[in-house]
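**Q** This is the structure I have questions about; it appears just below.
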Amino acid sequence: MANLIEDEVFLAYTTYATIVIVKMLLMGPMTAHYRMTRGAFSNEEDVRGKTEEEKKKMLRVHPDVERVRRCHQNDLENIVPFVLVGLLYALTGPDLWTALLHFRVFVGSRFCHTMAYVVPLPQPCRALSWMVGMVVTLCMAYRVLSAVLYL
């Protein structure tokens with residue numbers, strides 16, 4: 001374990017994995033912010049104490065809230081695999097420059113994806129940023145399988 005803490009690739013992995021995990025965690029408060037500012041809630045208990053007329057207005061779906069929720073869902077679908085595959089990738093001993101390229105491109109693609117989703121930017125911005133992140137994860141997975149394939 002002490003060797004991992006000294007390994008530059010592992011340190012880079014932990015840095016960039018932490019960045020995207022924190023980014024993903026912040027999507028929850030962002031969703032709450034959009035719910036509060038748009039007055040769009042999904043649960044009865046969220047509007048307790050309001051009149052029936054107010055409840056009808058507040059218990060609704062708002063496109064901005066749904067957009068942020070879908071962005072958060074996409075983060076869950078892409079960041080979790082990156083963190084798992086990235087750990088295995090870091091353990092295969094890749095070149096530092098190559099590992100940094102993978103990690104940085106993935107992190108950049110996720111921030112671009114979030115901007116494209118939340119702002120929203122015209123397609124194909126969101127699709128391209130998603131594809132870049134997916135390709136990075138698949139490249140790292142290929143490296144892991146190439147290094148450890150045992151049949």
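Chains: A, B, ... in order of the structure tokens. Residues: from 1 per chain. Ligands: from 1, in order shown.
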Determine, counting only C-alpha atoms, which protein, DNA and RNA residues have an atom within 9 Å of an atom of Phe10 of chain A; residues of the same chain fewer than 3 positions away are not included. Present the result as a PyMOL selection string.
**A** chain A and resi 4-7+13-15+87+90-91+93
**Q** As a PyMOL selection string, please: the residues near Val119 of chain A (cut-off 12 Å, only C-alpha atoms, same-chain neighbours under 4 positions excluded).
**A** chain A and resi 64+67-68+71+111-115+123+125-126
**Q** Quick one: of A:Gly133, A:Gly49, A:Gly108, A:Gly39, who's nearest to Asn78 of chain A, counting only C-alpha atoms?
**A**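 For Asn78 of chain A, the nearest of the given residues is A:Gly133.
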**Q** As a PyMOL selection string, list the residues of segment 27-134 of chain A assigned to alpha helix (DSSP H) by DSSP on the backbone atoms of this structure.
**A** chain A and resi 27-38+52-58+63-91+96-118+125-134
**Q** Contacts of Glu54 of chain A at 12 Å or less, counting only C-alpha atoms, minus same-chain residues fewer than 5 places along, as a ChimeraX atom specification?
**A** /A:39-41,44,46-49,59-60
**Q** Using only C-alpha atoms, which residue out of A:Met24, A:Leu11, A:Leu84, A:Ala32 lies closest to Arg110 of chain A?
**A**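 Counting only C-alpha atoms, the residue closest to Arg110 of chain A is A:Met24.
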**Q** Taking 5 positions as the minimum chain separation for residues in the same chain, which residues sit within 10 Å of Leu76 of chain A when counting only C-alpha atoms? Answer as a ChimeraX atom specification.
**A** /A:21,24-25,70-71,81-82
**Q** Could you check how far atom CA of Ser42 of chain A sits from atom CA of Pro29 of chain A, in Å to one decimal?
**A**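 Spanning atom CA of Ser42 of chain A to atom CA of Pro29 of chain A is a straight-line distance of 15.3 Å.
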**Q** To one decimal place in Å, what is the distance between atom CA of Phe103 of chain A and atom CA of Glu77 of chain A?
**A** 16.9 Å
